[in-house]
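Q: The structure that follows is given in the form of structure tokens.
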Number of protein chains: 2
Amino acid sequence: MNPLTTRIGTTLPLIQAPMAGAQGSAMALAVGAAGGLGSLPCAMLAPDALRAELQKLRASGRPYNVNFFCHQPPEPDAARDAAWRAALKPYYDEFGLDMAAIPSGPGRRPFDAEAADLLAEFKPAVVSFHFGLPAPELLARVKSWGTFVMSSATTVHEALWLQEHGADAVIAQGLEAGGHRGNFLSMDISEQMGTIALLPQLVQALRVPVIAAGGIADAAGVRAAMALGAAGVQVGTAYLCSDEALTSPLHRAALQGEAARHTALTNLFTGRPARGIVNRLMRELGGGGAEHFSTGLGAVTPAFPLATHAIGPLRAAAEKVGSTDFTPLWSGQNASGCKSAPAAEITRALAAGFAPHKP
Amino acid sequence: MNPLTTRIGTTLPLIQAPMAGAQGSAMALAVGAAGGLGSLPCAMLAPDALRAELQKLRASGRPYNVNFFCHQPPEPDAARDAAWRAALKPYYDEFGLDMAAIPSGPGRRPFDAEAADLLAEFKPAVVSFHFGLPAPELLARVKSWGTFVMSSATTVHEALWLQEHGADAVIAQGLEAGGHRGNFLSMDISEQMGTIALLPQLVQALRVPVIAAGGIADAAGVRAAMALGAAGVQVGTAYLCSDEALTSPLHRAALQGEAARHTALTNLFTGRPARGIVNRLMRELGGGGAEHFSTGLGAVTPAFPLATHAIGPLRAAAEKVGSTDFTPLWSGQNASGCKSAPAAEITRALAAGFAPHKP
């Protein structure tokens with residue numbers, strides 16, 4: 001009996017990682033039908049769209065995971081915003097864009113009472129959070145539905161905090177993972193570890209199941225994670241070129257080409273560090289600074305998620321001429337699993353890693 | 001038949017990582033007697049000391065690995081050296097030390113003709129290099145003895161280069177690994193990957209055997225690496241508290257305590273990035289700079305290995321009063337395997353990871 005599948009009700013201890021902007025219910029349904037746990041990323045969904053997606057997932061009759069960010073919405077900071085706009089001004093000029101037309105708004109919504117009201121109608125089997133956990137009363141509400149709650153940890157300290165504050169499972173997010181780092185107790189990237197170092201230390205430290213995430217791209221990766229004591233795995237990047245993904249053709253080409261060999265953490269697209277394929281914006285504003293050490297982390301952005309707005313028009317203009325210079329090309333460090341195939345086929349290939357190994 | 005043990009002549013495809021300053025022939029002999037491949041780090045050994053160590057290893061009648069750095073010795077740079085001394089001046093004042101008494105010299109020797117002359121008497125079964133490979137004529141000489149040559153890669157690009165230039169096996173050095181990064185084609189740390197991402201990509205790209213290094217601390221880690229396609233593993237940190245290690249009591253205490261949860265890459269101790277437990281020097285001169293992102297990488301040091309000299313007196317003075325504020329506390333990201341035990345016992349525990357797994 002696997003401690004994870006017993007609780008979440010799937011055949012496989014395999015979670016399709018929620019990837020806001022790159023997938024919706026179609027991918028979650030396909031993975032669910034293949035025996036895994038499909039996930040719906042909700043951070044960028046307005047209430048009506050969220051409801052429509054949840055209705056489709058509920059109709060499948062299978063368990064599914066609903067994922068939310070739970071960051072503290074930032075206070076606007078005029079000085080930081082001005083510095084950010086000044087840094088982007090030359091690019092706006094290059095494309096003949098008008099800075100006055102930059103849209104406003106939060107960009108990414110944290111989990112709140114309104115979202116909880118909506119979820120209450122659906123009582124999903126699983127809810128996962130990124131950037132910690134919501135306020136105790138909100139979390140208690142989610143748990144009152146019998147929902148299994150997961151969240152990501154990037155350090156032993158964060159994992160222990162999540163267990164203590166009510167997480168039913170902890171996702172060990174290794175540094176290899178694509179997209180946003182889930183760190184929430186410390187912003188010091190140097191505290192974070194690769195999967196092969198983080199995962200066994202969480203397994204040793206926690207009593208709740210630990211799910212491995214980061215760098216797992218095929219059955220061998222699944223087998224490695226399970227050998228390290230994981231109760232299950234969460235895989236994102238390998239699904240980014242699946243038929244059901246909303247990934248753009250430009251992003252797909254980057255994932256399946258040489259460019260994907262070089263990813264980096266950058267805060268330039270949203271204000272928080274996230275891993276993506278290195279592109280012009282990251283190279284030019286990446287804030288490496290020191291002679292030999294480019295980190296891809298810039299310092300000039302507004303707080304998460306407020307950096308998003310001013311990037312949008314640049315991204316759109318560049319993509320119109322076939323360029324990914326300003327596109328967040330989210331990817332983990334191991335894009336070798338990015339096949340153009342149905343998500344169900346990718347799920348079955350990964351699932352071979354759970355079978356007893358015949359060398 | 002394992003492709004590595006067949007070639008190097010050991011029972012186990014397990015290499016004890018060479019760790020200059022932390023071990024000599026005693027550890028290599030103990031690991032060799034237990035069926036692994038012991039390594040002798042040579043970068044800090046004068047010719048007479050090197051000969052004495054090699055005589056002990058040869059007397060065992062077992063295969064052993066001799067490890068050398070092969071960096072380009074730097075041109076002294078007065079301006080960089082002055083900036084470095086200015087950065088350290090407050091610490092010298094704090095300890096009442098005299099900057100005029102800083103010793104000079106290379107600090108770490110690269111592999112050269114003199115070393116090759118000495119090795120020719122011993123014709124070791126294995127020689128491993130760090131920072132690439134030596135010049136073609138030197139490498140050809142080593143290979144003419146029938147010696148098996150290995151070197152470390154931190155990217156797919158470096159691995160392909162090593163294979164093309166004559167390496168018989170490539171060590172996939174994941175970002176988790178302790179001590180010096182082996183990168184030699186690019187100084188951009190953001191190109192480097194965690195073991196679970198790097199290893200399978202090298203296995204896929206190379207025809208020579210790939211050895212996994214970084215984050216492997218116990219039998220489960222060995223099992224994970226082998227599941228990812230490694231022909232063998234190289235383990236360092238787990239041996240640092242062994243009976244045969246020369247690791248200082250202060251360093252041992254750090255490795256076995258909470259401090260080891262936070263390592264970082266730093267160039268402050270030698271001029272090249274290396275992973276160690278975060279301490280005062282790294283925190284204060286680490287060059288994080290950006291608001292939230294401390295990298296532990298400073299930019300003010302002289303070129304490798306010239307940063308070493310000025311750190312020496314500070315380290316000695318601090319250690320005298322029981323402080324590791326200026327000590328390079330080399331460690332990988334997973335120090336959970338650091339047992340106070342004979343190296344043979346640690347080797348046998350790791351070796352369990354090669355046995356068929358009984359779940």
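Just so we're on the same page: first chain in the structure tokens is A, next is B, and so on; residues restart at 1 for each chain, and ligands are numbered from 1 in the order they show up.
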Can you pull out every residue within 8 Å of Gly32 of chain A, counting only C-alpha atoms, but drop anything in the same chain fewer than 4 positions away, and send it as a PyMOL selection string?
A: chain A and resi 10+28+36-38+62-64
Q: Keeping only N, CA, C and O atoms, take the residues you just selected and write them out as an mmCIF file, in the first residue's frame.
A:
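File written: again33.cif
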```
data_model
loop_
_atom_site.group_PDB
_atom_site.id
_atom_site.type_symbol
_atom_site.label_atom_id
_atom_site.label_comp_id
_atom_site.auth_asym_id
_atom_site.auth_seq_id
_atom_site.Cartn_x
_atom_site.Cartn_y
_atom_site.Cartn_z
ATOM 1 N N THR A 10 -5.733 7.721 -6.229
ATOM 2 C CA THR A 10 -5.320 7.437 -7.605
ATOM 3 C C THR A 10 -4.659 6.059 -7.682
ATOM 4 O O THR A 10 -4.314 5.469 -6.657
ATOM 5 N N ALA A 28 -5.038 17.951 -16.948
ATOM 6 C CA ALA A 28 -5.365 17.285 -15.681
ATOM 7 C C ALA A 28 -6.268 16.075 -15.917
ATOM 8 O O ALA A 28 -6.087 15.011 -15.305
ATOM 9 N N GLY A 36 -2.816 8.899 -12.971
ATOM 10 C CA GLY A 36 -2.090 9.838 -12.126
ATOM 11 C C GLY A 36 -3.036 10.852 -11.496
ATOM 12 O O GLY A 36 -4.262 10.745 -11.624
ATOM 13 N N LEU A 37 -2.465 11.843 -10.825
ATOM 14 C CA LEU A 37 -3.272 12.913 -10.260
ATOM 15 C C LEU A 37 -3.063 14.163 -11.113
ATOM 16 O O LEU A 37 -1.962 14.736 -11.135
ATOM 17 N N GLY A 38 -4.108 14.572 -11.825
ATOM 18 C CA GLY A 38 -4.031 15.794 -12.603
ATOM 19 C C GLY A 38 -4.179 17.008 -11.702
ATOM 20 O O GLY A 38 -4.841 16.939 -10.668
ATOM 21 N N ARG A 62 -13.047 11.410 -11.105
ATOM 22 C CA ARG A 62 -11.738 11.003 -10.559
ATOM 23 C C ARG A 62 -11.201 12.077 -9.627
ATOM 24 O O ARG A 62 -11.553 13.247 -9.748
ATOM 25 N N PRO A 63 -10.309 11.666 -8.713
ATOM 26 C CA PRO A 63 -9.683 12.686 -7.853
ATOM 27 C C PRO A 63 -8.839 13.648 -8.688
ATOM 28 O O PRO A 63 -8.296 13.264 -9.728
ATOM 29 N N TYR A 64 -8.771 14.897 -8.251
ATOM 30 C CA TYR A 64 -7.927 15.885 -8.930
ATOM 31 C C TYR A 64 -7.363 16.834 -7.891
ATOM 32 O O TYR A 64 -7.847 16.886 -6.752
#
```
Q: Env of Leu139 of chain B: 9 Å cut, atoms = only C-alpha atoms, seq-sep filter 5 positions within chain, self excluded. Answer as a list in words.
A: Leu133, Pro134, Ser144, Val149 and Gly166 of chain B
Q: Taking the backbone alone, and naming residues the way the document does, which bits of segment 186-320 of chain B are strand (DSSP E or B) by DSSP, as a ChimeraX atom specification?
A: /B:210-213,232-235,263-266,274-277
Q: Would you write out those residues with all heavy atoms, as an mmCIF file, in the first residue's frame?
A:
```cif
data_model
loop_
_atom_site.group_PDB
_atom_site.id
_atom_site.type_symbol
_atom_site.label_atom_id
_atom_site.label_comp_id
_atom_site.auth_asym_id
_atom_site.auth_seq_id
_atom_site.Cartn_x
_atom_site.Cartn_y
_atom_site.Cartn_z
ATOM 1 N N VAL B 210 29.552 6.892 -17.129
ATOM 2 C CA VAL B 210 29.318 8.114 -16.364
ATOM 3 C C VAL B 210 29.245 7.760 -14.879
ATOM 4 O O VAL B 210 28.555 6.816 -14.488
ATOM 5 C CB VAL B 210 28.007 8.804 -16.801
ATOM 6 C CG1 VAL B 210 27.775 10.074 -15.997
ATOM 7 C CG2 VAL B 210 28.046 9.120 -18.293
ATOM 8 N N ILE B 211 29.984 8.515 -14.084
ATOM 9 C CA ILE B 211 30.036 8.299 -12.641
ATOM 10 C C ILE B 211 29.276 9.439 -11.973
ATOM 11 O O ILE B 211 29.507 10.608 -12.277
ATOM 12 C CB ILE B 211 31.502 8.260 -12.172
ATOM 13 C CG1 ILE B 211 32.199 7.041 -12.806
ATOM 14 C CG2 ILE B 211 31.599 8.232 -10.659
ATOM 15 C CD1 ILE B 211 33.673 7.223 -12.993
ATOM 16 N N ALA B 212 28.377 9.088 -11.064
ATOM 17 C CA ALA B 212 27.547 10.104 -10.412
ATOM 18 C C ALA B 212 28.239 10.658 -9.180
ATOM 19 O O ALA B 212 28.743 9.893 -8.352
ATOM 20 C CB ALA B 212 26.209 9.492 -10.000
ATOM 21 N N ALA B 213 28.236 11.980 -9.046
ATOM 22 C CA ALA B 213 28.797 12.623 -7.854
ATOM 23 C C ALA B 213 27.908 13.786 -7.451
ATOM 24 O O ALA B 213 27.379 14.490 -8.310
ATOM 25 C CB ALA B 213 30.212 13.122 -8.144
ATOM 26 N N GLY B 232 28.766 4.037 -11.955
ATOM 27 C CA GLY B 232 29.348 4.008 -10.622
ATOM 28 C C GLY B 232 29.086 5.331 -9.934
ATOM 29 O O GLY B 232 28.482 6.236 -10.521
ATOM 30 N N VAL B 233 29.533 5.427 -8.680
ATOM 31 C CA VAL B 233 29.315 6.661 -7.927
ATOM 32 C C VAL B 233 30.627 7.131 -7.305
ATOM 33 O O VAL B 233 31.520 6.326 -7.039
ATOM 34 C CB VAL B 233 28.267 6.475 -6.801
ATOM 35 C CG1 VAL B 233 26.925 6.023 -7.384
ATOM 36 C CG2 VAL B 233 28.754 5.494 -5.757
ATOM 37 N N GLN B 234 30.723 8.434 -7.092
ATOM 38 C CA GLN B 234 31.846 9.009 -6.357
ATOM 39 C C GLN B 234 31.268 9.731 -5.152
ATOM 40 O O GLN B 234 30.393 10.581 -5.305
ATOM 41 C CB GLN B 234 32.653 9.962 -7.230
ATOM 42 C CG GLN B 234 33.830 10.606 -6.497
ATOM 43 C CD GLN B 234 34.788 11.337 -7.415
ATOM 44 O OE1 GLN B 234 35.543 10.745 -8.172
ATOM 45 N NE2 GLN B 234 34.768 12.660 -7.361
ATOM 46 N N VAL B 235 31.760 9.363 -3.976
ATOM 47 C CA VAL B 235 31.214 9.893 -2.729
ATOM 48 C C VAL B 235 32.320 10.561 -1.923
ATOM 49 O O VAL B 235 33.375 9.953 -1.714
ATOM 50 C CB VAL B 235 30.564 8.764 -1.891
ATOM 51 C CG1 VAL B 235 30.063 9.302 -0.559
ATOM 52 C CG2 VAL B 235 29.442 8.102 -2.671
ATOM 53 N N THR B 263 24.736 25.007 3.059
ATOM 54 C CA THR B 263 25.994 25.149 2.342
ATOM 55 C C THR B 263 25.786 26.166 1.229
ATOM 56 O O THR B 263 24.657 26.499 0.895
ATOM 57 C CB THR B 263 26.432 23.823 1.695
ATOM 58 O OG1 THR B 263 25.542 23.503 0.616
ATOM 59 C CG2 THR B 263 26.437 22.682 2.712
ATOM 60 N N ALA B 264 26.863 26.638 0.681
ATOM 61 C CA ALA B 264 26.749 27.531 -0.482
ATOM 62 C C ALA B 264 28.025 27.434 -1.292
ATOM 63 O O ALA B 264 29.054 26.966 -0.800
ATOM 64 C CB ALA B 264 26.509 28.972 -0.036
ATOM 65 N N LEU B 265 27.934 27.870 -2.526
ATOM 66 C CA LEU B 265 29.131 27.998 -3.349
ATOM 67 C C LEU B 265 29.801 29.317 -3.010
ATOM 68 O O LEU B 265 29.150 30.351 -2.911
ATOM 69 C CB LEU B 265 28.774 27.979 -4.842
ATOM 70 C CG LEU B 265 28.155 26.684 -5.366
ATOM 71 C CD1 LEU B 265 27.873 26.809 -6.863
ATOM 72 C CD2 LEU B 265 29.064 25.499 -5.100
ATOM 73 N N THR B 266 31.106 29.256 -2.837
ATOM 74 C CA THR B 266 31.853 30.477 -2.553
ATOM 75 C C THR B 266 33.199 30.410 -3.253
ATOM 76 O O THR B 266 33.759 29.331 -3.412
ATOM 77 C CB THR B 266 32.087 30.655 -1.038
ATOM 78 O OG1 THR B 266 32.806 31.869 -0.835
ATOM 79 C CG2 THR B 266 32.896 29.505 -0.441
ATOM 80 N N ALA B 274 33.472 26.852 -4.825
ATOM 81 C CA ALA B 274 33.520 25.562 -4.142
ATOM 82 C C ALA B 274 32.416 25.560 -3.100
ATOM 83 O O ALA B 274 32.048 26.617 -2.587
ATOM 84 C CB ALA B 274 34.878 25.368 -3.477
ATOM 85 N N ARG B 275 31.865 24.393 -2.806
ATOM 86 C CA ARG B 275 30.753 24.321 -1.860
ATOM 87 C C ARG B 275 31.228 23.999 -0.455
ATOM 88 O O ARG B 275 31.971 23.045 -0.248
ATOM 89 C CB ARG B 275 29.722 23.267 -2.290
ATOM 90 C CG ARG B 275 28.491 23.236 -1.361
ATOM 91 C CD ARG B 275 27.392 22.319 -1.851
ATOM 92 N NE ARG B 275 26.847 22.731 -3.126
ATOM 93 C CZ ARG B 275 25.996 23.746 -3.310
ATOM 94 N NH1 ARG B 275 25.573 24.459 -2.259
ATOM 95 N NH2 ARG B 275 25.549 24.047 -4.512
ATOM 96 N N GLY B 276 30.789 24.834 0.476
ATOM 97 C CA GLY B 276 31.108 24.604 1.882
ATOM 98 C C GLY B 276 29.983 25.097 2.765
ATOM 99 O O GLY B 276 29.063 25.788 2.300
ATOM 100 N N ILE B 277 30.065 24.737 4.039
ATOM 101 C CA ILE B 277 29.079 25.194 5.014
ATOM 102 C C ILE B 277 29.244 26.703 5.204
ATOM 103 O O ILE B 277 30.364 27.205 5.351
ATOM 104 C CB ILE B 277 29.268 24.441 6.348
ATOM 105 C CG1 ILE B 277 29.013 22.938 6.129
ATOM 106 C CG2 ILE B 277 28.368 25.010 7.436
ATOM 107 C CD1 ILE B 277 29.417 22.061 7.306
#
```
Q: Report the distance between atom CA of Phe68 of chain B and atom CA of Leu268 of chain B in Å, rounded to one decimal place.
A: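 Distance reported for this atom pair: 21.1 Å.
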Q: One decimal, Å: what's the distance from atom CA of Ala310 of chain A over to atom CA of Leu97 of chain A, could you say?
A: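 Separation between atom CA of Ala310 of chain A and atom CA of Leu97 of chain A: 10.8 Å.
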Q: I'd like the neighbourhood of segment 240-244 of chain B as a list in words, where a residue qualifies if any of its atoms comes within 7 Å (using only C-alpha atoms), though same-chain residues fewer than 5 positions away should be ignored.
A: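 The contact residues come out as Ala26, Met27, Arg252, Cys338, Lys339, Ser340, Ala341, Pro342 and Ala343 of chain B.
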Q: Just all heavy atoms for this one: save the residues we selected as a PDB file, in the first residue's frame.
A:
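So part.pdb came out as:
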```pdb
ATOM      1  N   ALA B  26      45.782   7.068   3.905  1.00  0.00           N
ATOM      2  CA  ALA B  26      45.122   6.213   4.904  1.00  0.00           C
ATOM      3  C   ALA B  26      43.675   5.946   4.511  1.00  0.00           C
ATOM      4  O   ALA B  26      43.199   4.798   4.551  1.00  0.00           O
ATOM      5  CB  ALA B  26      45.188   6.864   6.287  1.00  0.00           C
ATOM      6  N   MET B  27      42.953   6.991   4.125  1.00  0.00           N
ATOM      7  CA  MET B  27      41.557   6.786   3.720  1.00  0.00           C
ATOM      8  C   MET B  27      41.482   5.977   2.423  1.00  0.00           C
ATOM      9  O   MET B  27      40.665   5.060   2.289  1.00  0.00           O
ATOM     10  CB  MET B  27      40.838   8.125   3.541  1.00  0.00           C
ATOM     11  CG  MET B  27      39.342   7.945   3.236  1.00  0.00           C
ATOM     12  SD  MET B  27      38.508   9.499   2.818  1.00  0.00           S
ATOM     13  CE  MET B  27      38.509  10.322   4.406  1.00  0.00           C
ATOM     14  N   ARG B 252      34.475  18.697  11.695  1.00  0.00           N
ATOM     15  CA  ARG B 252      33.619  17.533  11.974  1.00  0.00           C
ATOM     16  C   ARG B 252      32.345  17.952  12.718  1.00  0.00           C
ATOM     17  O   ARG B 252      31.243  17.490  12.413  1.00  0.00           O
ATOM     18  CB  ARG B 252      34.376  16.501  12.828  1.00  0.00           C
ATOM     19  CG  ARG B 252      35.415  15.709  12.054  1.00  0.00           C
ATOM     20  CD  ARG B 252      36.284  14.836  12.977  1.00  0.00           C
ATOM     21  NE  ARG B 252      37.434  14.323  12.247  1.00  0.00           N
ATOM     22  CZ  ARG B 252      37.558  13.073  11.756  1.00  0.00           C
ATOM     23  NH1 ARG B 252      36.581  12.199  11.959  1.00  0.00           N
ATOM     24  NH2 ARG B 252      38.621  12.697  11.088  1.00  0.00           N
ATOM     25  N   CYS B 338      27.395  11.671   7.260  1.00  0.00           N
ATOM     26  CA  CYS B 338      28.677  11.876   7.959  1.00  0.00           C
ATOM     27  C   CYS B 338      28.730  11.149   9.300  1.00  0.00           C
ATOM     28  O   CYS B 338      28.382  11.707  10.342  1.00  0.00           O
ATOM     29  CB  CYS B 338      28.931  13.366   8.175  1.00  0.00           C
ATOM     30  SG  CYS B 338      29.374  14.226   6.665  1.00  0.00           S
ATOM     31  N   LYS B 339      29.156   9.902   9.265  1.00  0.00           N
ATOM     32  CA  LYS B 339      29.264   9.099  10.490  1.00  0.00           C
ATOM     33  C   LYS B 339      30.711   9.095  10.982  1.00  0.00           C
ATOM     34  O   LYS B 339      31.638   9.082  10.180  1.00  0.00           O
ATOM     35  CB  LYS B 339      28.850   7.657  10.195  1.00  0.00           C
ATOM     36  CG  LYS B 339      27.461   7.489   9.569  1.00  0.00           C
ATOM     37  CD  LYS B 339      26.381   7.385  10.625  1.00  0.00           C
ATOM     38  CE  LYS B 339      25.021   7.083  10.006  1.00  0.00           C
ATOM     39  NZ  LYS B 339      24.481   8.224   9.173  1.00  0.00           N
ATOM     40  N   SER B 340      30.849   9.068  12.320  1.00  0.00           N
ATOM     41  CA  SER B 340      32.170   8.834  12.899  1.00  0.00           C
ATOM     42  C   SER B 340      32.379   7.332  12.923  1.00  0.00           C
ATOM     43  O   SER B 340      31.893   6.637  13.824  1.00  0.00           O
ATOM     44  CB  SER B 340      32.224   9.393  14.320  1.00  0.00           C
ATOM     45  OG  SER B 340      31.857  10.748  14.323  1.00  0.00           O
ATOM     46  N   ALA B 341      33.057   6.819  11.917  1.00  0.00           N
ATOM     47  CA  ALA B 341      33.198   5.369  11.766  1.00  0.00           C
ATOM     48  C   ALA B 341      34.384   5.096  10.856  1.00  0.00           C
ATOM     49  O   ALA B 341      34.839   5.993  10.140  1.00  0.00           O
ATOM     50  CB  ALA B 341      31.925   4.781  11.152  1.00  0.00           C
ATOM     51  N   PRO B 342      34.895   3.864  10.881  1.00  0.00           N
ATOM     52  CA  PRO B 342      35.969   3.546   9.937  1.00  0.00           C
ATOM     53  C   PRO B 342      35.487   3.701   8.491  1.00  0.00           C
ATOM     54  O   PRO B 342      34.322   3.414   8.189  1.00  0.00           O
ATOM     55  CB  PRO B 342      36.277   2.069  10.242  1.00  0.00           C
ATOM     56  CG  PRO B 342      35.723   1.807  11.605  1.00  0.00           C
ATOM     57  CD  PRO B 342      34.544   2.732  11.753  1.00  0.00           C
ATOM     58  N   ALA B 343      36.376   4.157   7.607  1.00  0.00           N
ATOM     59  CA  ALA B 343      36.010   4.346   6.201  1.00  0.00           C
ATOM     60  C   ALA B 343      35.528   3.035   5.583  1.00  0.00           C
ATOM     61  O   ALA B 343      34.667   3.041   4.694  1.00  0.00           O
ATOM     62  CB  ALA B 343      37.197   4.902   5.421  1.00  0.00           C
TER      63      ALA B 343
END
```
Q: Ranking B:Arg51, B:Arg280, B:Lys123, B:Arg261 by minimum distance to chain A and counting only C-alpha atoms, which one comes first?
A: B:Arg261
Q: Might you pull out every residue within 12 Å of Ala82 of chain B, with only C-alpha atoms counted and same-chain residues fewer than 2 positions away left off, and present them as a compact mmCIF listing (two decimals) with all heavy atoms, in the first residue's frame?
A:
```
# COMPACT_ATOMS: atom_id res chain seq x y z
N PRO B 76 49.98 36.76 -11.63
CA PRO B 76 49.64 37.62 -10.49
C PRO B 76 49.07 38.95 -10.98
O PRO B 76 49.49 39.45 -12.02
CB PRO B 76 50.99 37.83 -9.79
CG PRO B 76 51.86 36.71 -10.27
CD PRO B 76 51.39 36.38 -11.66
N ASP B 77 48.11 39.49 -10.23
CA ASP B 77 47.44 40.73 -10.61
C ASP B 77 47.44 41.63 -9.39
O ASP B 77 46.68 41.42 -8.44
CB ASP B 77 46.02 40.39 -11.07
CG ASP B 77 45.21 41.61 -11.47
OD1 ASP B 77 45.42 42.70 -10.88
OD2 ASP B 77 44.35 41.47 -12.35
N ALA B 78 48.32 42.63 -9.41
CA ALA B 78 48.55 43.45 -8.22
C ALA B 78 47.28 44.17 -7.77
O ALA B 78 47.01 44.28 -6.57
CB ALA B 78 49.66 44.46 -8.50
N ALA B 79 46.48 44.62 -8.72
CA ALA B 79 45.28 45.38 -8.36
C ALA B 79 44.26 44.47 -7.66
O ALA B 79 43.69 44.84 -6.62
CB ALA B 79 44.66 46.00 -9.62
N ARG B 80 44.05 43.28 -8.22
CA ARG B 80 43.12 42.35 -7.58
C ARG B 80 43.62 41.93 -6.21
O ARG B 80 42.85 41.80 -5.26
CB ARG B 80 42.93 41.10 -8.46
CG ARG B 80 41.80 41.24 -9.46
CD ARG B 80 41.73 40.07 -10.40
NE ARG B 80 40.97 38.94 -9.86
CZ ARG B 80 40.61 37.89 -10.61
NH1 ARG B 80 40.92 37.83 -11.88
NH2 ARG B 80 39.93 36.90 -10.06
N TRP B 84 41.74 42.53 -2.64
CA TRP B 84 41.48 41.39 -1.76
C TRP B 84 42.04 41.65 -0.36
O TRP B 84 41.36 41.44 0.65
CB TRP B 84 42.13 40.16 -2.40
CG TRP B 84 42.02 38.85 -1.67
CD1 TRP B 84 43.04 37.98 -1.40
CD2 TRP B 84 40.83 38.22 -1.16
NE1 TRP B 84 42.57 36.87 -0.77
CE2 TRP B 84 41.21 36.99 -0.60
CE3 TRP B 84 39.49 38.59 -1.11
CZ2 TRP B 84 40.31 36.12 0.01
CZ3 TRP B 84 38.58 37.73 -0.50
CH2 TRP B 84 39.01 36.51 0.04
N ARG B 85 43.25 42.16 -0.30
CA ARG B 85 43.84 42.45 1.00
C ARG B 85 43.07 43.55 1.73
O ARG B 85 42.88 43.49 2.94
CB ARG B 85 45.32 42.84 0.84
CG ARG B 85 46.18 41.64 0.51
CD ARG B 85 47.61 42.00 0.13
NE ARG B 85 48.34 40.80 -0.24
CZ ARG B 85 49.48 40.41 0.34
NH1 ARG B 85 50.02 41.13 1.30
NH2 ARG B 85 50.08 39.31 -0.05
N ALA B 86 42.59 44.51 0.95
CA ALA B 86 41.80 45.59 1.58
C ALA B 86 40.51 45.03 2.16
O ALA B 86 40.08 45.44 3.25
CB ALA B 86 41.50 46.68 0.54
N ALA B 87 39.92 44.07 1.46
CA ALA B 87 38.68 43.47 1.96
C ALA B 87 38.93 42.68 3.25
O ALA B 87 38.06 42.61 4.12
CB ALA B 87 38.07 42.56 0.89
N LEU B 88 40.11 42.09 3.35
CA LEU B 88 40.42 41.27 4.53
C LEU B 88 41.04 42.07 5.68
O LEU B 88 41.11 41.59 6.81
CB LEU B 88 41.37 40.14 4.14
CG LEU B 88 40.82 39.09 3.15
CD1 LEU B 88 41.88 38.03 2.88
CD2 LEU B 88 39.54 38.44 3.67
N LYS B 89 41.46 43.29 5.38
CA LYS B 89 42.18 44.11 6.38
C LYS B 89 41.44 44.22 7.72
O LYS B 89 42.05 44.03 8.78
CB LYS B 89 42.45 45.50 5.78
CG LYS B 89 43.19 46.48 6.67
CD LYS B 89 44.67 46.11 6.80
CE LYS B 89 45.50 47.23 7.38
NZ LYS B 89 45.10 47.70 8.71
N MET B 99 49.57 41.96 7.82
CA MET B 99 49.40 41.59 6.42
C MET B 99 50.74 41.38 5.71
O MET B 99 50.81 40.69 4.69
CB MET B 99 48.59 42.66 5.67
CG MET B 99 47.15 42.71 6.14
SD MET B 99 46.00 43.17 4.78
CE MET B 99 45.00 41.70 4.66
N VAL B 300 35.72 39.75 -5.32
CA VAL B 300 36.93 40.53 -5.11
C VAL B 300 38.21 39.70 -5.05
O VAL B 300 39.29 40.24 -4.96
CB VAL B 300 36.83 41.33 -3.78
CG1 VAL B 300 35.74 42.37 -3.90
CG2 VAL B 300 36.57 40.39 -2.61
N THR B 301 38.13 38.40 -5.09
CA THR B 301 39.32 37.59 -4.84
C THR B 301 40.30 37.59 -6.00
O THR B 301 39.90 37.80 -7.15
CB THR B 301 38.95 36.11 -4.58
OG1 THR B 301 38.52 35.53 -5.82
CG2 THR B 301 37.86 35.98 -3.56
N PRO B 302 41.56 37.30 -5.71
CA PRO B 302 42.51 37.01 -6.79
C PRO B 302 42.09 35.72 -7.50
O PRO B 302 41.25 34.97 -7.01
CB PRO B 302 43.84 36.81 -6.06
CG PRO B 302 43.62 37.35 -4.68
CD PRO B 302 42.17 37.24 -4.39
N ALA B 307 43.82 33.22 -3.92
CA ALA B 307 43.08 33.77 -2.78
C ALA B 307 43.47 33.08 -1.48
O ALA B 307 43.29 33.62 -0.39
CB ALA B 307 41.58 33.64 -3.01
N ALA B 310 46.10 34.70 1.73
CA ALA B 310 45.72 35.70 2.72
C ALA B 310 44.68 35.17 3.70
O ALA B 310 44.49 35.73 4.78
CB ALA B 310 45.21 36.97 2.03
```
